[in-house]
Every structure is written in C-alpha cells, then in structure tokens.
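Text of the file start_16.pdb, holding PDB, C-alpha atoms:
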```pdb
ATOM      1  CA  MET Z   1      78.787 -48.042 -43.784  1.00  0.00           C
ATOM      2  CA  LEU Z   2      79.168 -44.538 -45.190  1.00  0.00           C
ATOM      3  CA  TYR Z   3      82.912 -45.079 -45.442  1.00  0.00           C
ATOM      4  CA  HIS Z   4      82.327 -48.002 -47.803  1.00  0.00           C
ATOM      5  CA  TYR Z   5      80.225 -45.843 -50.115  1.00  0.00           C
ATOM      6  CA  ILE Z   6      82.876 -43.131 -50.246  1.00  0.00           C
ATOM      7  CA  ALA Z   7      85.604 -45.692 -50.825  1.00  0.00           C
ATOM      8  CA  ARG Z   8      83.628 -47.181 -53.714  1.00  0.00           C
ATOM      9  CA  LEU Z   9      83.176 -43.728 -55.236  1.00  0.00           C
ATOM     10  CA  PHE Z  10      86.912 -43.107 -55.197  1.00  0.00           C
ATOM     11  CA  ILE Z  11      87.595 -46.518 -56.719  1.00  0.00           C
ATOM     12  CA  PHE Z  12      84.974 -45.960 -59.428  1.00  0.00           C
ATOM     13  CA  ILE Z  13      86.282 -42.531 -60.387  1.00  0.00           C
ATOM     14  CA  SER Z  14      89.899 -43.730 -60.263  1.00  0.00           C
ATOM     15  CA  ARG Z  15      89.092 -46.559 -62.649  1.00  0.00           C
ATOM     16  CA  ALA Z  16      87.233 -44.200 -64.958  1.00  0.00           C
ATOM     17  CA  ILE Z  17      90.233 -41.893 -65.038  1.00  0.00           C
ATOM     18  CA  LEU Z  18      92.572 -44.748 -65.932  1.00  0.00           C
ATOM     19  CA  VAL Z  19      90.277 -46.104 -68.651  1.00  0.00           C
ATOM     20  CA  HIS Z  20      89.259 -42.749 -70.107  1.00  0.00           C
ATOM     21  CA  PRO Z  21      91.407 -39.646 -70.354  1.00  0.00           C
ATOM     22  CA  VAL Z  22      88.981 -37.804 -68.069  1.00  0.00           C
ATOM     23  CA  SER Z  23      91.772 -35.909 -66.395  1.00  0.00           C
ATOM     24  CA  ALA Z  24      92.389 -33.980 -69.615  1.00  0.00           C
ATOM     25  CA  MET Z  25      88.721 -33.091 -69.937  1.00  0.00           C
ATOM     26  CA  THR Z  26      87.031 -29.985 -68.621  1.00  0.00           C
ATOM     27  CA  ASN Z  27      83.849 -30.159 -66.583  1.00  0.00           C
ATOM     28  CA  GLU Z  28      81.978 -28.882 -69.626  1.00  0.00           C
ATOM     29  CA  MET Z  29      83.384 -31.674 -71.772  1.00  0.00           C
ATOM     30  CA  LEU Z  30      82.422 -34.250 -69.132  1.00  0.00           C
ATOM     31  CA  LEU Z  31      78.876 -32.892 -69.167  1.00  0.00           C
ATOM     32  CA  GLU Z  32      78.703 -32.877 -72.967  1.00  0.00           C
ATOM     33  CA  GLN Z  33      79.922 -36.482 -73.065  1.00  0.00           C
ATOM     34  CA  ARG Z  34      77.289 -37.328 -70.414  1.00  0.00           C
ATOM     35  CA  LEU Z  35      79.939 -38.603 -68.048  1.00  0.00           C
ATOM     36  CA  ILE Z  36      78.530 -36.371 -65.305  1.00  0.00           C
ATOM     37  CA  SER Z  37      75.033 -35.075 -64.616  1.00  0.00           C
ATOM     38  CA  PRO Z  38      74.050 -31.388 -64.684  1.00  0.00           C
ATOM     39  CA  ALA Z  39      73.857 -31.464 -60.862  1.00  0.00           C
ATOM     40  CA  ILE Z  40      77.429 -32.732 -60.586  1.00  0.00           C
ATOM     41  CA  TYR Z  41      78.554 -30.216 -63.219  1.00  0.00           C
ATOM     42  CA  GLU Z  42      77.125 -27.347 -61.165  1.00  0.00           C
ATOM     43  CA  LEU Z  43      78.611 -28.734 -57.952  1.00  0.00           C
ATOM     44  CA  LEU Z  44      82.081 -29.067 -59.487  1.00  0.00           C
ATOM     45  CA  ASN Z  45      81.983 -25.582 -60.972  1.00  0.00           C
ATOM     46  CA  LYS Z  46      80.698 -24.090 -57.700  1.00  0.00           C
ATOM     47  CA  HIS Z  47      83.746 -25.477 -55.899  1.00  0.00           C
ATOM     48  CA  GLY Z  48      86.197 -24.835 -58.742  1.00  0.00           C
ATOM     49  CA  ALA Z  49      86.995 -28.538 -59.067  1.00  0.00           C
ATOM     50  CA  THR Z  50      88.937 -28.936 -62.296  1.00  0.00           C
ATOM     51  CA  THR Z  51      91.369 -31.709 -61.408  1.00  0.00           C
ATOM     52  CA  PRO Z  52      90.459 -35.386 -61.031  1.00  0.00           C
ATOM     53  CA  GLU Z  53      91.548 -35.356 -57.391  1.00  0.00           C
ATOM     54  CA  LYS Z  54      89.426 -32.323 -56.539  1.00  0.00           C
ATOM     55  CA  ARG Z  55      86.459 -33.783 -58.451  1.00  0.00           C
ATOM     56  CA  GLN Z  56      86.729 -37.009 -56.437  1.00  0.00           C
ATOM     57  CA  GLN Z  57      86.877 -35.088 -53.198  1.00  0.00           C
ATOM     58  CA  ILE Z  58      83.904 -32.834 -53.971  1.00  0.00           C
ATOM     59  CA  ILE Z  59      81.695 -35.660 -55.275  1.00  0.00           C
ATOM     60  CA  GLY Z  60      82.634 -37.913 -52.353  1.00  0.00           C
ATOM     61  CA  GLU Z  61      81.836 -35.226 -49.806  1.00  0.00           C
ATOM     62  CA  ALA Z  62      78.555 -34.354 -51.525  1.00  0.00           C
ATOM     63  CA  CYS Z  63      77.468 -38.000 -51.618  1.00  0.00           C
ATOM     64  CA  ALA Z  64      78.425 -38.482 -47.964  1.00  0.00           C
ATOM     65  CA  ALA Z  65      76.437 -35.373 -47.018  1.00  0.00           C
ATOM     66  CA  ARG Z  66      73.546 -36.519 -49.228  1.00  0.00           C
ATOM     67  CA  GLN Z  67      73.691 -33.296 -51.232  1.00  0.00           C
ATOM     68  CA  LEU Z  68      73.351 -35.244 -54.470  1.00  0.00           C
ATOM     69  CA  THR Z  69      70.508 -37.468 -55.542  1.00  0.00           C
ATOM     70  CA  PRO Z  70      71.013 -41.225 -55.202  1.00  0.00           C
ATOM     71  CA  ILE Z  71      71.292 -41.556 -58.989  1.00  0.00           C
ATOM     72  CA  ASP Z  72      74.323 -39.224 -58.953  1.00  0.00           C
ATOM     73  CA  CYS Z  73      75.960 -41.486 -56.368  1.00  0.00           C
ATOM     74  CA  GLN Z  74      74.758 -44.668 -58.083  1.00  0.00           C
ATOM     75  CA  PRO Z  75      78.219 -46.166 -58.703  1.00  0.00           C
ATOM     76  CA  LEU Z  76      78.565 -46.305 -54.925  1.00  0.00           C
ATOM     77  CA  ILE Z  77      75.348 -48.165 -54.272  1.00  0.00           C
ATOM     78  CA  LYS Z  78      75.123 -51.759 -55.381  1.00  0.00           C
ATOM     79  CA  HIS Z  79      71.877 -53.441 -54.499  1.00  0.00           C
ATOM     80  CA  ARG Z  80      72.098 -57.035 -53.394  1.00  0.00           C
ATOM     81  CA  THR Z  81      69.409 -59.468 -54.312  1.00  0.00           C
ATOM     82  CA  ARG Z  82      68.680 -62.054 -51.690  1.00  0.00           C
TER      83      ARG Z  82
END
```
What does this structure look like when you write it as structure tokens?
Amino acid sequence: MLYHYIARLFIFISRAILVHPVSAMTNEMLLEQRLISPAIYELLNKHGATTPEKRQQIIGEACAARQLTPIDCQPLIKHRTR
C-alpha cells in the first residue's frame, strides 16, 4: 500500500517537471510560486535537495515516513467515493 503512494508521488512530480520547467527552479523559487509548501521547502533545504531527482527522493521518503502532513503528500492520496 505504501509503495503505491510513493509511486504516485514520483509520477506526480515527474509530470510536473515535464509540464513546468521546475528543474531549472531553485527551492526558493518553487516556494515563491507556491509549488511547494514551507514545510517541504525546509525539508529540501535541510537535505540539500536542489535537483529534481533529489527532491523526489526526499519528498518520497518523508511521505513514506509520515514526516510531512497529509496535505503535503496530497497528490499521492486520492480518496475514492463509494
């Protein structure tokens, strides 16, 4: 189950990178553009994540370890209505 959430995160971020030139943006620029939350900004800076690959890894690990709030991992969680 957790694997599916991490896989979705990587897919989401990969799509965002292809659609938007996020890879050329700094963490500060991502924060200013509201593409990441302040919590994610701090996490990325703490780990020195400046490349898209490193950002994906850090965010994926933090979501898997539940170090981020559910809203920061929201693209991973899709609620089904039954």
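Among the candidates Z:Thr69, Z:Thr50, Z:Ile58, Z:Leu43, the one nearest to Met29 of chain Z when counting all atoms listed in the file is Z:Thr50.
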Note to self: Give me the residues near Ile36 of chain Z as JSON, numbers by chain, where near means some atom within 9 Å (using only C-alpha atoms) and where sequence neighbours in that chain fewer than 6 positions away do not count.
What the structure shows: {"Z": [27, 30, 72]}
Next item on the list: Just give me the gap between atom CA of Gln57 of chain Z and atom CA of Asn45 of chain Z in Å, one decimal is fine.
Entry: 13.2 Å
Specify the axis-aligned box that encloses all atoms of segment 55-73 of chain Z listed in the file after padding of 6 Å on each side, stating its centre and edge lengths in Å to one decimal as AutoDock Vina command-line options.
```
--center_x 78.7 --center_y -37.2 --center_z -53.0 --size_x 28.4 --size_y 20.7 --size_z 24.0
```
Next item on the list: Considering all atoms listed in the file, return as a ChimeraX atom specification whatever protein or nucleic-acid residues lie within 12 Å of Glu28 of chain Z, sequence-local ones (same chain, fewer than 5 positions apart) excluded.
Entry: /Z:22,33-38,40-42,44-45,49-50
